[in-house]
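K.L.:
So I've got this file, structure.cif, and it contains mmCIF, C-alpha atoms:
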data_data
loop_
_atom_site.label_atom_id
_atom_site.label_comp_id
_atom_site.auth_asym_id
_atom_site.auth_seq_id
_atom_site.Cartn_x
_atom_site.Cartn_y
_atom_site.Cartn_z
CA MET W 4 43.27 37.63 258.20
CA SER W 5 45.80 40.42 257.84
CA HIS W 6 49.54 39.83 258.11
CA ALA W 7 49.49 41.44 261.55
CA ALA W 8 46.92 38.89 262.73
CA PHE W 9 49.14 35.99 261.62
CA VAL W 10 52.13 37.57 263.36
CA LEU W 11 50.25 38.13 266.61
CA SER W 12 48.78 34.63 266.46
CA ALA W 13 52.24 33.07 266.09
CA TRP W 14 53.68 35.10 268.97
CA GLY W 15 50.58 34.56 271.08
CA VAL W 16 50.58 30.79 270.63
CA THR W 17 54.29 30.64 271.48
CA VAL W 18 53.98 32.72 274.64
CA ALA W 19 50.82 30.92 275.77
CA ALA W 20 52.26 27.42 275.24
CA ILE W 21 55.51 28.19 277.06
CA ALA W 22 53.65 29.94 279.89
CA VAL W 23 51.30 26.98 280.35
CA TYR W 24 54.22 24.54 280.35
CA THR W 25 56.28 26.52 282.86
CA VAL W 26 53.28 26.87 285.17
CA SER W 27 52.62 23.14 284.86
CA LEU W 28 56.27 22.46 285.81
CA ARG W 29 55.91 24.61 288.91
CA LEU W 30 52.64 22.91 289.89
CA ARG W 31 54.04 19.41 289.34
CA GLY W 32 57.07 20.31 291.42
CA GLN W 33 54.94 21.70 294.24
CA ARG W 34 52.72 18.60 294.22
CA LEU W 35 55.76 16.33 294.46
CA LEU W 36 57.26 18.41 297.25
CA ARG W 37 53.98 18.20 299.17
CA ARG W 38 54.06 14.41 298.77
CA ALA W 39 57.65 14.37 299.96
CA ARG W 40 56.75 16.47 303.01
CA ASP W 41 53.78 14.25 303.80
CA GLY W 42 56.08 11.23 303.75
CA ARG W 43 58.63 13.04 305.89
CA ILE W 44 61.55 12.78 303.47
CA ASP W 45 64.07 15.00 305.22
CA GLY W 46 65.20 17.84 303.06
CA ALA W 47 62.89 17.13 300.12
CA GLY W 48 60.31 19.50 301.53
CA ALA W 49 62.75 22.30 302.16
CA ASP W 50 61.77 25.84 301.35
CA GLU W 51 60.51 26.27 297.87
CA GLU W 52 61.53 29.15 295.69
CA MET D 18 69.51 2.17 289.46
CA SER D 19 67.94 1.44 292.80
CA ARG D 20 64.36 0.65 291.92
CA ALA D 21 61.76 -2.03 292.33
CA GLY D 22 62.60 -5.52 293.36
CA THR D 23 65.65 -4.86 295.53
CA GLY D 24 63.86 -6.04 298.67
CA ASN D 25 66.05 -3.77 300.75
CA PRO D 26 64.00 -2.05 303.47
CA LYS D 27 66.71 0.54 304.10
CA PRO D 28 66.95 3.37 301.60
CA PRO D 29 70.14 2.96 299.57
CA ALA D 30 73.06 5.33 299.86
CA GLY D 31 72.42 8.57 298.06
CA TYR D 32 68.70 8.15 298.51
CA LEU D 33 68.18 11.78 299.39
CA ASP D 34 70.83 13.14 297.08
CA GLY D 35 69.91 15.50 294.32
CA PRO D 36 67.68 18.53 294.23
CA ALA D 37 65.49 19.22 297.25
CA ARG D 38 63.25 21.56 295.24
CA THR D 39 62.51 22.30 291.62
CA GLY D 40 63.66 25.90 291.75
CA SER D 41 66.78 27.60 293.06
CA ARG D 42 68.28 31.04 293.31
CA PHE D 43 70.00 30.40 289.99
CA THR D 44 66.82 29.40 288.15
CA PHE D 45 65.05 32.40 289.64
CA TRP D 46 67.58 34.78 288.10
CA LEU D 47 67.70 32.73 284.91
CA GLY D 48 63.92 33.07 284.63
CA ALA D 49 64.09 36.80 285.33
CA ALA D 50 66.79 37.25 282.66
CA THR D 51 64.68 35.25 280.21
CA LEU D 52 61.63 37.43 280.81
CA ALA D 53 63.68 40.62 280.46
CA GLY D 54 65.28 39.31 277.27
CA PHE D 55 61.89 38.34 275.92
CA ALA D 56 60.51 41.83 276.59
CA GLY D 57 63.40 43.35 274.63
CA MET D 58 63.02 40.81 271.85
CA ALA D 59 59.27 41.45 271.58
CA ALA D 60 59.80 45.22 271.46
CA LEU D 61 62.40 44.89 268.73
CA GLY D 62 60.69 42.12 266.79
CA LEU D 63 57.17 43.54 266.83
CA LEU D 64 57.76 47.29 266.88
CA VAL D 65 61.24 48.26 265.75
CA VAL D 66 62.39 45.85 263.04
CA PRO D 67 61.17 47.11 259.64
CA ALA D 68 58.83 45.00 257.52
CA ASP D 69 60.55 42.87 254.88
CA ASP D 70 60.47 44.02 251.25
CA VAL D 71 59.12 40.65 250.10
CA GLN D 72 57.39 39.11 253.13
CA GLY D 73 56.09 42.28 254.73
CA ASP D 74 55.19 41.98 258.42
CA THR D 75 55.14 38.17 258.37
CA VAL D 76 58.94 38.26 258.65
CA ARG D 77 58.35 38.97 262.37
CA ILE D 78 57.24 35.35 262.78
CA ILE D 79 60.82 34.15 262.27
CA PHE D 80 61.72 35.50 265.74
CA VAL D 81 59.56 32.81 267.33
CA HIS D 82 59.61 30.16 264.56
CA VAL D 83 63.35 29.74 263.97
CA PRO D 84 64.41 29.70 267.68
CA SER D 85 61.62 27.16 268.34
CA ALA D 86 62.97 24.93 265.57
CA LEU D 87 66.60 25.14 266.65
CA GLY D 88 65.53 24.79 270.28
CA ALA D 89 63.66 21.59 269.42
CA TYR D 90 66.78 20.22 267.72
CA ALA D 91 68.90 21.15 270.74
CA ALA D 92 66.47 19.68 273.28
CA PHE D 93 66.08 16.43 271.36
CA GLY D 94 69.85 16.40 270.82
CA LEU D 95 70.11 16.45 274.63
CA THR D 96 67.75 13.48 274.68
CA ALA D 97 70.02 11.67 272.23
CA LEU D 98 73.08 12.44 274.36
CA GLY D 99 71.28 11.29 277.49
CA SER D 100 70.21 8.13 275.68
CA VAL D 101 73.78 7.32 274.68
CA MET D 102 74.99 7.92 278.22
CA TRP D 103 72.23 5.74 279.65
CA LEU D 104 73.08 2.87 277.29
CA TRP D 105 76.79 3.27 277.93
CA ARG D 106 76.97 4.06 281.65
CA ARG D 107 73.48 3.14 282.93
CA SER D 108 73.47 6.60 284.48
CA GLU D 109 70.13 7.53 286.05
CA TRP D 110 71.13 11.20 285.92
CA TRP D 111 71.49 11.03 282.13
CA ASP D 112 68.26 9.07 281.75
CA ILE D 113 66.33 11.79 283.59
CA THR D 114 68.10 14.42 281.47
CA ALA D 115 67.04 12.60 278.30
CA HIS D 116 63.43 12.55 279.48
CA ALA D 117 63.51 16.25 280.38
CA GLY D 118 64.96 17.14 276.97
CA ALA D 119 62.27 15.17 275.14
CA GLU D 120 59.40 16.90 276.91
CA VAL D 121 60.78 20.33 276.08
CA ALA D 122 61.52 19.19 272.52
CA VAL D 123 57.89 18.14 271.98
CA LEU D 124 56.72 21.57 273.11
CA LEU D 125 59.16 23.40 270.84
CA CYS D 126 58.65 21.15 267.83
CA GLY D 127 54.88 21.59 268.16
CA LEU D 128 55.40 25.36 268.24
CA THR D 129 57.66 25.12 265.19
CA LEU D 130 54.87 23.40 263.26
CA VAL D 131 52.15 25.81 264.38
CA THR D 132 54.15 29.01 263.84
CA GLY D 133 55.38 27.63 260.51
CA MET D 134 51.78 27.10 259.40
CA LEU D 135 50.90 30.63 260.49
CA TRP D 136 53.82 31.89 258.42
CA GLY D 137 52.97 29.64 255.45
CA ARG D 138 49.38 30.79 254.98
CA PRO D 139 50.14 34.43 254.11
CA THR D 140 53.45 33.59 252.42
CA TRP D 141 52.67 30.45 250.39
CA GLY D 142 48.89 30.66 250.40
CA THR D 143 48.50 27.43 252.36
CA TYR D 144 48.85 26.27 255.97
CA TRP D 145 50.16 22.85 254.99
CA GLU D 146 51.51 21.03 251.96
CA TRP D 147 51.83 17.26 252.19
CA GLY D 148 54.36 17.09 249.35
CA ASP D 149 56.76 19.43 251.13
CA VAL D 150 59.74 17.55 252.56
CA ARG D 151 60.59 20.10 255.26
CA LEU D 152 57.06 20.13 256.63
CA VAL D 153 56.57 16.38 256.51
CA THR D 154 59.99 15.51 258.01
CA THR D 155 59.34 18.02 260.82
CA LEU D 156 55.98 16.39 261.48
CA ILE D 157 57.67 12.96 261.57
CA LEU D 158 60.26 14.32 264.04
CA PHE D 159 57.42 15.64 266.22
CA LEU D 160 55.65 12.27 266.13
CA VAL D 161 58.89 10.47 267.03
CA MET D 162 59.32 12.79 270.03
CA VAL D 163 55.73 12.09 271.11
CA GLY D 164 56.47 8.39 270.60
CA TYR D 165 59.51 8.70 272.88
CA LEU D 166 57.32 10.13 275.67
CA SER D 167 54.70 7.44 275.01
CA VAL D 168 57.32 4.71 275.44
CA ARG D 169 58.33 6.27 278.73
CA ALA D 170 54.70 6.38 279.84
CA LEU D 171 54.16 2.68 279.16
CA GLY D 172 55.51 1.81 282.57
CA GLY D 173 57.31 -1.30 283.75
CA ASP D 174 60.76 -1.80 285.18
CA ALA D 175 62.55 1.56 285.20
CA GLY D 176 65.72 0.18 283.61
CA SER D 177 63.83 -1.46 280.74
CA VAL D 178 61.78 1.67 280.13
CA ALA D 179 64.95 3.76 280.02
CA THR D 180 66.59 1.37 277.56
CA ARG D 181 63.57 1.21 275.24
CA ALA D 182 63.22 5.00 275.33
CA ALA D 183 66.93 5.45 274.66
CA VAL D 184 66.67 3.35 271.50
CA VAL D 185 63.70 5.42 270.29
CA GLY D 186 65.52 8.63 271.20
CA LEU D 187 68.63 7.69 269.25
CA ALA D 188 66.66 6.49 266.22
CA GLY D 189 64.60 9.68 266.28
CA ALA D 190 67.61 11.94 266.61
CA VAL D 191 68.82 10.81 263.19
CA ASN D 192 65.81 12.65 261.82
CA ILE D 193 67.12 15.99 263.13
CA GLY D 194 69.83 16.01 260.47
CA ILE D 195 67.34 15.01 257.77
CA VAL D 196 64.90 17.80 258.75
CA ASN D 197 67.66 20.37 258.89
CA ARG D 198 69.20 19.44 255.51
CA SER D 199 65.94 18.66 253.71
CA VAL D 200 65.67 22.12 252.10
CA ASN D 201 69.08 21.58 250.54
CA TRP D 202 68.79 17.89 249.63
CA TRP D 203 65.32 18.20 248.09
CA ALA D 204 65.29 21.88 247.11
CA ASN D 205 62.77 21.24 244.33
CA ARG D 206 60.34 19.48 246.68
CA THR D 207 59.81 22.16 249.27
CA LEU D 208 58.16 25.56 249.50
CA HIS D 209 60.34 26.31 252.51
CA GLN D 210 63.12 28.79 251.96
CA GLN D 211 66.72 27.84 252.66
CA SER D 212 68.41 29.27 255.72
CA SER D 213 68.19 33.07 255.63
CA LEU D 214 70.74 33.16 258.43
CA THR D 215 73.55 31.26 256.74
CA GLU D 216 72.90 32.91 253.39
CA GLY D 217 73.34 36.39 254.89
CA LYS D 218 69.96 37.66 253.66
CA LEU D 219 68.96 39.43 256.87
CA GLU D 220 69.20 43.14 257.61
CA ASP D 221 71.38 44.15 260.55
CA LEU D 222 68.53 44.90 262.96
CA THR D 223 66.61 41.78 261.95
CA LEU D 224 69.75 39.71 262.47
CA LEU D 225 70.41 41.31 265.87
CA THR D 226 66.84 40.58 266.98
CA LEU D 227 67.10 37.00 265.77
CA VAL D 228 70.34 36.52 267.71
CA LEU D 229 68.63 37.94 270.81
CA ALA D 230 65.75 35.53 270.20
CA PHE D 231 68.24 32.62 270.13
CA VAL D 232 69.72 33.74 273.45
CA VAL D 233 66.26 34.08 275.03
CA ALA D 234 65.25 30.66 273.69
CA ALA D 235 68.44 29.09 275.04
CA MET D 236 67.80 30.54 278.50
CA ALA D 237 64.13 29.45 278.45
CA ILE D 238 65.12 25.92 277.42
CA TRP D 239 67.76 25.79 280.13
CA TRP D 240 65.17 26.88 282.72
CA MET D 241 62.59 24.35 281.56
CA VAL D 242 65.03 21.44 281.32
CA MET D 243 66.42 22.16 284.80
CA HIS D 244 62.94 22.22 286.34
CA ARG D 245 61.83 19.13 284.43
CA PHE D 246 65.00 17.32 285.47
CA ARG D 247 64.36 18.10 289.14
CA ILE D 248 60.78 16.90 288.83
CA GLY D 249 62.03 13.65 287.33
CA TRP D 250 64.54 13.26 290.13
CA LEU D 251 61.91 13.90 292.80
CA GLU D 252 59.53 11.42 291.14
CA ARG D 253 62.19 8.72 291.41
CA GLN D 254 63.02 9.54 294.99
CA LEU D 255 59.36 9.28 295.89
CA ALA D 256 58.94 6.04 293.96
CA ASP D 257 61.93 4.60 295.83
CA ARG D 258 60.50 5.80 299.15
CA ASP D 259 57.12 4.21 298.39
CA ILE D 260 58.81 0.90 297.58
CA HIS D 261 60.87 0.95 300.77
CA GLN D 262 57.84 1.85 302.86
CA ALA D 263 55.85 -0.99 301.28
CA VAL D 264 58.67 -3.46 301.94
CA ARG D 265 58.96 -2.31 305.56
CA ALA D 266 55.21 -2.70 306.02
CA ARG D 267 55.27 -6.22 304.56
CA ARG D 268 58.15 -7.24 306.80
CA ALA D 269 56.42 -5.81 309.84
CA GLU D 270 53.32 -7.75 308.91
CA ALA D 271 55.28 -10.98 308.43
CA GLY D 272 57.02 -10.54 311.78
CA ARG D 273 53.76 -10.10 313.65
#
Once more with this new file: its structure as C-alpha cells, please.

P.N.:
Amino acid sequence: MSHAAFVLSAWGVTVAAIAVYTVSLRLRGQRLLRRARDGRIDGAGADEE
Amino acid sequence: MSRAGTGNPKPPAGYLDGPARTGSRFTFWLGAATLAGFAGMAALGLLVVPADDVQGDTVRIIFVHVPSALGAYAAFGLTALGSVMWLWRRSEWWDITAHAGAEVAVLLCGLTLVTGMLWGRPTWGTYWEWGDVRLVTTLILFLVMVGYLSVRALGGDAGSVATRAAVVGLAGAVNIGIVNRSVNWWANRTLHQQSSLTEGKLEDLTLLTLVLAFVVAAMAIWWMVMHRFRIGWLERQLADRDIHQAVRARRAEAGR
C-alpha cells in the first residue's frame, strides 16, 4: 500500500467509527423515547430534535 | 438512588427530572460546529499541510491519531472523576456521566490503536510490536475500558454495579498516566516517538491543523458524552417506571 492509502484508511476508519457511534446514539435515544411515549411518561416523549 | 426494592408504588420526587430528549438546540449547533470544523480540518490536513521531510504523507495520520489518544484520556478521565463522585456522594448524575465517558473512551482508544497501527506500518515497517511499551500499555488501557463496560453490563442492583464499576474505573485511570509517560520512562523500549507537540518539532501549519483537530475532537466528545448521558438518564427513568408499574400491578392483584 502507498502512504496515501494508509492515510486515507486511518481517516476513513476514524470517520466511519464516529459516524456509526453517533447514529447508534440517535437510534438508541429514539427507541427509548418511543418506549417512554408508549408508557405515557409525561414530557419524556416531547419533541425530538 | 431510587431503584429496585423500594416497594413504593408512587414515583419518587424528581422522577421526571432530567433530559426529556437526547438532543437539544445546543447539541444541534454543537454538532453543526463540529462538522464544519472537521471539514476545515480535513481540507487542511489532507490537502494543504505539506508532507513531512522524514515521514512523508503519513504525517497526516497524526491529525486523527493524536486527538483520538488525548480524547480517550479525557473521556476516561471523566469516568474516573465520575467514579470518585459516585463513591463520595452516591450521585446518580455522576455515575451516569462516568458510564458515558467510558463508552466514548472505548471508541477513541480503539481508534487510537487502529490509526497507530496504520501509521506504524509505513513508518516502522510493522503494524504491531509486542515489546513496545507504548503500544502494549495502550492496549491494556483499552482492555480495562472494555472491562469497565463489561462490569456495568453484568447487571444486578444499580448501586452495587455503580460501585464495582467505579473501582474498575479508578484503577484503570491510573494507567492513563503510565501510557502517557511510557515513551519517556522506557525510551529504549519503544518505537513510538516522543511528543512532537511538546518538543516543538511541528511546522506552523501542521501545528495549527493539529490544534484545530483538538478543538474538533473536544466538540465531538462533548456531543457524544451529552447524548450518551441523556440515554443513560432515560434508561434509568424507564427502569424506575417499569418497577413502579410492576409494583402497582402486584398491589392491584393482591387487593382483588

K.L.:
Restricting the calculation to only C-alpha atoms: of D:Gly148, D:Gly142, D:Gly173, D:Gly94, which residue gets closest to chain W?

P.N.:
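Checking each of D:Gly148, D:Gly142, D:Gly173, D:Gly94 against chain W, counting only C-alpha atoms, the winner is D:Gly142.
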
K.L.:
Since I can't run it myself right now, could you work out what the PyMOL selection byres ((chain D) within 8 of (chain W)) selects here and report it as an mmCIF file with C-alpha atoms, keeping the file's coordinate frame?

P.N.:
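Full text of selection34.cif as output:
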data_model
loop_
_atom_site.group_PDB
_atom_site.id
_atom_site.type_symbol
_atom_site.label_atom_id
_atom_site.label_comp_id
_atom_site.auth_asym_id
_atom_site.auth_seq_id
_atom_site.Cartn_x
_atom_site.Cartn_y
_atom_site.Cartn_z
ATOM 1 C CA LEU D 33 68.180 11.780 299.390
ATOM 2 C CA PRO D 36 67.680 18.530 294.230
ATOM 3 C CA ALA D 37 65.490 19.220 297.250
ATOM 4 C CA ARG D 38 63.250 21.560 295.240
ATOM 5 C CA THR D 39 62.510 22.300 291.620
ATOM 6 C CA GLY D 40 63.660 25.900 291.750
ATOM 7 C CA SER D 41 66.780 27.600 293.060
ATOM 8 C CA ARG D 42 68.280 31.040 293.310
ATOM 9 C CA PHE D 45 65.050 32.400 289.640
ATOM 10 C CA GLY D 73 56.090 42.280 254.730
ATOM 11 C CA ASP D 74 55.190 41.980 258.420
ATOM 12 C CA THR D 75 55.140 38.170 258.370
ATOM 13 C CA ARG D 77 58.350 38.970 262.370
ATOM 14 C CA ILE D 78 57.240 35.350 262.780
ATOM 15 C CA VAL D 81 59.560 32.810 267.330
ATOM 16 C CA LEU D 124 56.720 21.570 273.110
ATOM 17 C CA LEU D 128 55.400 25.360 268.240
ATOM 18 C CA VAL D 131 52.150 25.810 264.380
ATOM 19 C CA THR D 132 54.150 29.010 263.840
ATOM 20 C CA LEU D 135 50.900 30.630 260.490
ATOM 21 C CA TRP D 136 53.820 31.890 258.420
ATOM 22 C CA PRO D 139 50.140 34.430 254.110
ATOM 23 C CA MET D 241 62.590 24.350 281.560
ATOM 24 C CA HIS D 244 62.940 22.220 286.340
ATOM 25 C CA ARG D 245 61.830 19.130 284.430
ATOM 26 C CA ARG D 247 64.360 18.100 289.140
ATOM 27 C CA ILE D 248 60.780 16.900 288.830
ATOM 28 C CA LEU D 251 61.910 13.900 292.800
ATOM 29 C CA GLU D 252 59.530 11.420 291.140
ATOM 30 C CA LEU D 255 59.360 9.280 295.890
#

K.L.:
If I take CA of Gln262 (chain D) and CA of Arg40 (chain W), how far is one from the other in Å, to one decimal?

P.N.:
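Distance reported for this atom pair: 14.7 Å.
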
K.L.:
In Å to one decimal, how far is CA of Ala256 (chain D) from CA of Ala170 (chain D)?

P.N.:
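These atoms are spaced 14.7 Å apart.
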
K.L.:
Please indicate the distance in Å from CA of Asp69 (chain D) to CA of Ser85 (chain D), rounded to one decimal place.

P.N.:
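For CA of Asp69 (chain D) relative to CA of Ser85 (chain D), the distance reads 20.7 Å.
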
K.L.:
Selection in question (the file shown): the PyMOL selection byres ((chain D and resi 158) around 9). Which residues does it include, as a tab-separated table (two decimals) with C-alpha atoms, in the coordinates of the input?

P.N.:
chain	number	residue	atom	x	y	z
D	126	CYS	CA	58.65	21.15	267.83
D	153	VAL	CA	56.57	16.38	256.51
D	154	THR	CA	59.99	15.51	258.01
D	155	THR	CA	59.34	18.02	260.82
D	156	LEU	CA	55.98	16.39	261.48
D	157	ILE	CA	57.67	12.96	261.57
D	159	PHE	CA	57.42	15.64	266.22
D	160	LEU	CA	55.65	12.27	266.13
D	161	VAL	CA	58.89	10.47	267.03
D	162	MET	CA	59.32	12.79	270.03
D	163	VAL	CA	55.73	12.09	271.11
D	189	GLY	CA	64.60	9.68	266.28
D	190	ALA	CA	67.61	11.94	266.61
D	192	ASN	CA	65.81	12.65	261.82
D	193	ILE	CA	67.12	15.99	263.13
D	196	VAL	CA	64.90	17.80	258.75

K.L.:
So, with all atoms listed in the file as the atoms that count, which of D:Ala179, D:Leu125, D:Ala68, D:Val191 lies closest to Ile113 (chain D)?

P.N.:
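Using all atoms listed in the file, the shortest distance to Ile113 (chain D) belongs to D:Ala179.
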
K.L.:
Starting from the shown file, work through the PyMOL selection byres ((chain D and resi 236) around 12) and note down what comes out as a list in words.

P.N.:
Phe43, Thr44, Phe45, Trp46, Leu47, Gly48, Ala49, Ala50, Thr51, Leu52, Ala53, Gly54, Phe55, Pro84, Gly88, Leu229, Ala230, Phe231, Val232, Val233, Ala234, Ala235, Ala237, Ile238, Trp239, Trp240, Met241, Val242 and Met243 of chain D

K.L.:
Residues as selected, C-alpha atoms, written as a PDB file, keeping the file's coordinate frame, can you do that?

P.N.:
ATOM      1  CA  PHE D  43      70.000  30.400 289.990  1.00  0.00           C
ATOM      2  CA  THR D  44      66.820  29.400 288.150  1.00  0.00           C
ATOM      3  CA  PHE D  45      65.050  32.400 289.640  1.00  0.00           C
ATOM      4  CA  TRP D  46      67.580  34.780 288.100  1.00  0.00           C
ATOM      5  CA  LEU D  47      67.700  32.730 284.910  1.00  0.00           C
ATOM      6  CA  GLY D  48      63.920  33.070 284.630  1.00  0.00           C
ATOM      7  CA  ALA D  49      64.090  36.800 285.330  1.00  0.00           C
ATOM      8  CA  ALA D  50      66.790  37.250 282.660  1.00  0.00           C
ATOM      9  CA  THR D  51      64.680  35.250 280.210  1.00  0.00           C
ATOM     10  CA  LEU D  52      61.630  37.430 280.810  1.00  0.00           C
ATOM     11  CA  ALA D  53      63.680  40.620 280.460  1.00  0.00           C
ATOM     12  CA  GLY D  54      65.280  39.310 277.270  1.00  0.00           C
ATOM     13  CA  PHE D  55      61.890  38.340 275.920  1.00  0.00           C
ATOM     14  CA  PRO D  84      64.410  29.700 267.680  1.00  0.00           C
ATOM     15  CA  GLY D  88      65.530  24.790 270.280  1.00  0.00           C
ATOM     16  CA  LEU D 229      68.630  37.940 270.810  1.00  0.00           C
ATOM     17  CA  ALA D 230      65.750  35.530 270.200  1.00  0.00           C
ATOM     18  CA  PHE D 231      68.240  32.620 270.130  1.00  0.00           C
ATOM     19  CA  VAL D 232      69.720  33.740 273.450  1.00  0.00           C
ATOM     20  CA  VAL D 233      66.260  34.080 275.030  1.00  0.00           C
ATOM     21  CA  ALA D 234      65.250  30.660 273.690  1.00  0.00           C
ATOM     22  CA  ALA D 235      68.440  29.090 275.040  1.00  0.00           C
ATOM     23  CA  ALA D 237      64.130  29.450 278.450  1.00  0.00           C
ATOM     24  CA  ILE D 238      65.120  25.920 277.420  1.00  0.00           C
ATOM     25  CA  TRP D 239      67.760  25.790 280.130  1.00  0.00           C
ATOM     26  CA  TRP D 240      65.170  26.880 282.720  1.00  0.00           C
ATOM     27  CA  MET D 241      62.590  24.350 281.560  1.00  0.00           C
ATOM     28  CA  VAL D 242      65.030  21.440 281.320  1.00  0.00           C
ATOM     29  CA  MET D 243      66.420  22.160 284.800  1.00  0.00           C
TER      30      MET D 243
END

K.L.:
Which residues are near Tyr144 (chain D)? Cut-off 7 Å, only C-alpha atoms, ignore same chain within fewer than 6 positions. Put them as an mmCIF file with C-alpha atoms, in the coordinates of the input.

P.N.:
data_model
loop_
_atom_site.group_PDB
_atom_site.id
_atom_site.type_symbol
_atom_site.label_atom_id
_atom_site.label_comp_id
_atom_site.auth_asym_id
_atom_site.auth_seq_id
_atom_site.Cartn_x
_atom_site.Cartn_y
_atom_site.Cartn_z
ATOM 1 C CA MET D 134 51.780 27.100 259.400
ATOM 2 C CA LEU D 135 50.900 30.630 260.490
ATOM 3 C CA GLY D 137 52.970 29.640 255.450
ATOM 4 C CA ARG D 138 49.380 30.790 254.980
#

K.L.:
Would you mind writing region 8-23 of chain W with N, CA and C atoms, as a compact mmCIF listing (two decimals), in the coordinates of the input?

P.N.:
# COMPACT_ATOMS: atom_id res chain seq x y z
N ALA W 8 47.65 39.91 261.96
CA ALA W 8 46.92 38.89 262.73
C ALA W 8 47.70 37.58 262.76
N PHE W 9 48.33 37.21 261.64
CA PHE W 9 49.14 35.99 261.62
C PHE W 9 50.36 36.13 262.55
N VAL W 10 50.96 37.32 262.50
CA VAL W 10 52.13 37.57 263.36
C VAL W 10 51.74 37.47 264.83
N LEU W 11 50.67 38.14 265.20
CA LEU W 11 50.25 38.13 266.61
C LEU W 11 49.79 36.73 267.04
N SER W 12 49.18 36.00 266.12
CA SER W 12 48.78 34.63 266.46
C SER W 12 50.00 33.77 266.75
N ALA W 13 51.02 33.88 265.91
CA ALA W 13 52.24 33.07 266.09
C ALA W 13 52.91 33.41 267.42
N TRP W 14 53.06 34.69 267.69
CA TRP W 14 53.68 35.10 268.97
C TRP W 14 52.80 34.69 270.15
N GLY W 15 51.50 34.89 269.99
CA GLY W 15 50.58 34.56 271.08
C GLY W 15 50.59 33.08 271.42
N VAL W 16 50.55 32.24 270.40
CA VAL W 16 50.58 30.79 270.63
C VAL W 16 51.88 30.39 271.33
N THR W 17 52.98 30.98 270.89
CA THR W 17 54.29 30.64 271.48
C THR W 17 54.33 31.02 272.97
N VAL W 18 53.94 32.25 273.24
CA VAL W 18 53.98 32.72 274.64
C VAL W 18 53.02 31.89 275.50
N ALA W 19 51.82 31.66 274.99
CA ALA W 19 50.82 30.92 275.77
C ALA W 19 51.30 29.49 276.06
N ALA W 20 51.84 28.82 275.05
CA ALA W 20 52.26 27.42 275.24
C ALA W 20 53.41 27.33 276.26
N ILE W 21 54.38 28.24 276.14
CA ILE W 21 55.51 28.19 277.06
C ILE W 21 55.06 28.57 278.47
N ALA W 22 54.16 29.54 278.56
CA ALA W 22 53.65 29.94 279.89
C ALA W 22 52.90 28.78 280.55
N VAL W 23 52.05 28.11 279.79
CA VAL W 23 51.30 26.98 280.35
C VAL W 23 52.25 25.88 280.80
